[in-house]
Amino acid sequence: MHADSQIASYKEEGLTSQFVQFSPTAALLQYRNPVIYREMLDTVGHSVMEKVVDQLKKIDCFSIHVDGSVDKYGVDNKFITARYLTENLEIKSVFLGESKSHIRGAEGLLDSIKIVFQDLDIEDIAKEKLTESTVTEVRHWRTNLKAVATFYRGSALRYGWLEKLGDTKKILIYRFPAYFEVRFAEHLLNLSKALWKNLPCMQIHWQSIIESSDSTKIEKATAKGFLRTWKINGEQQHLTCLMMDILRNIEKLQKDSQKSKIIMTD
C-alpha cells in the first residue's frame, strides 16, 4: 500500500523524490489492540490444536513429557508435551499447553496434566493411548509392589518384626525407599530390590499374621492377599525379575541422557 505509492513517486519524480514516512491509521493496525491481538492468537492456537488432537486420535499411543518452571510469584507452571511415533516411524513432539495446580508433589503434577487434557477434550483418548496404560500387567505389578511397601512403611511395628525375622534368618533387611519424584524409574528399581531381598522374611511374617490370634480380620485378609499375590515362583515374582532388568536399562538411559556433550551414537 505505502510501498506502491512510494514507487509511483520515484517513477514520476525520479530517485531524488522525497521519502514519505509510513504513518498508517489506527484502523489499519487493529492487531496492536491487546484484546484483538489476544483473540487473533487464540484463533490461531485453536486451529493448530485441532490438528494436534486429530493426530493424537490416529496414532496407537503417546507419552507425556512435563517441564516445570516457578515464576516470581511462586507459581509452579507446568509445560506439557506429547511425544509419539508417526506412520513414517519418525519421533514427533507436540506442545499441548501450559498448566498449573495448587496441589503439591506428584498429585499436583498429575492434576496439571489432567487440566490440559480436559481443556483439549482428550481425557478419554489419553486414558486409552498413554504408553504406560497399554501394558495392563505392568500397571497391576506396580500397584502390588507399592501395596507391600506401604504396608511396611506405614507401620514401624511391622517393620520391626521384619527386622527381627531377618536377624533370626541371618538375612539383611532392606528398607523400602521413600517416594522419589525426579527419577521415578530409579525409585521403582530400588523398591523392587527391597521387595526381592525381603520377600522370604515377608512371607514368613504374613503367615505369622494369619496364624496369630492377636491379628485383626483386616490384617489377616491383607496378609492372605499378599501371600496369594507374592507366592513362590508366582507371576509377580517373575514380573519383578523382568522389570528390574528393564528398569536398570531405563535408569542408565536417564543418567546418560543428562550428561554434557552427548552425541546420537551414544
# chains A, B, ... in the order shown; residues from 1 in each chain; ligands from 1
$ select_by_dssp --residues "stretch 98-252 of chain A" --states "strand (DSSP E or B)" --output "number ranges by chain"
A: 98-100, 130
$ atom_distance --atom1 "atom CA of A:Lys220" --atom2 "atom CA of A:Arg153"
17.9 Å
$ residues_around --residues "A:Leu242" --least-positions-apart "3" --cutoff "12 Å" --atoms "only C-alpha atoms" --output "PyMOL selection string"
chain A and resi 137-138+141+189+192+235-239+245-249
$ atom_distance --atom1 "atom CA of A:Ile64" --atom2 "atom CA of A:Ser47"
21.6 Å
$ atom_distance --atom1 "atom CA of A:Ser93" --atom2 "atom CA of A:Thr81"
6.6 Å
$ select_by_dssp --residues "stretch 6-124 of chain A" --states "helix (DSSP H, G or I)" --output "count of residues only"
58
$ closest_residue --among "A:Ile91, A:Cys241, A:Leu109, A:Val148" --to "A:Gly225" --atoms "only C-alpha atoms"
A:Val148
$ closest_residue --among "A:Leu56, A:Val66, A:Val20, A:Ile210" --to "A:Ser99" --atoms "only C-alpha atoms"
A:Val66
$ closest_residue --among "A:Trp196, A:Tyr10, A:Phe151, A:Phe19" --to "A:Ile173" --atoms "only C-alpha atoms"
A:Trp196
$ residues_around --residues "A:Lys92" --least-positions-apart "2" --cutoff "12 Å" --atoms "only C-alpha atoms" --output "list in words"
Val52, Gln55, Leu56, Ile59, Phe62, Ser63, Ile64, Thr81, Ala82, Arg83, Tyr84, Leu85, Thr86, Glu87, Asn88, Leu89, Glu90, Val94 and Phe95 of chain A
$ residues_around --residues "A:Leu195" --least-positions-apart "3" --cutoff "10 Å" --atoms "only C-alpha atoms" --output "count of residues only"
18
$ closest_residue --among "A:Lys51, A:Lys100, A:His46, A:Lys252" --to "A:Gly68" --atoms "only C-alpha atoms"
A:Lys100
$ residues_around --residues "A:Asp54" --least-positions-apart "4" --cutoff "12 Å" --atoms "only C-alpha atoms" --output "PyMOL selection string"
chain A and resi 47-50+58-59+120-122+125
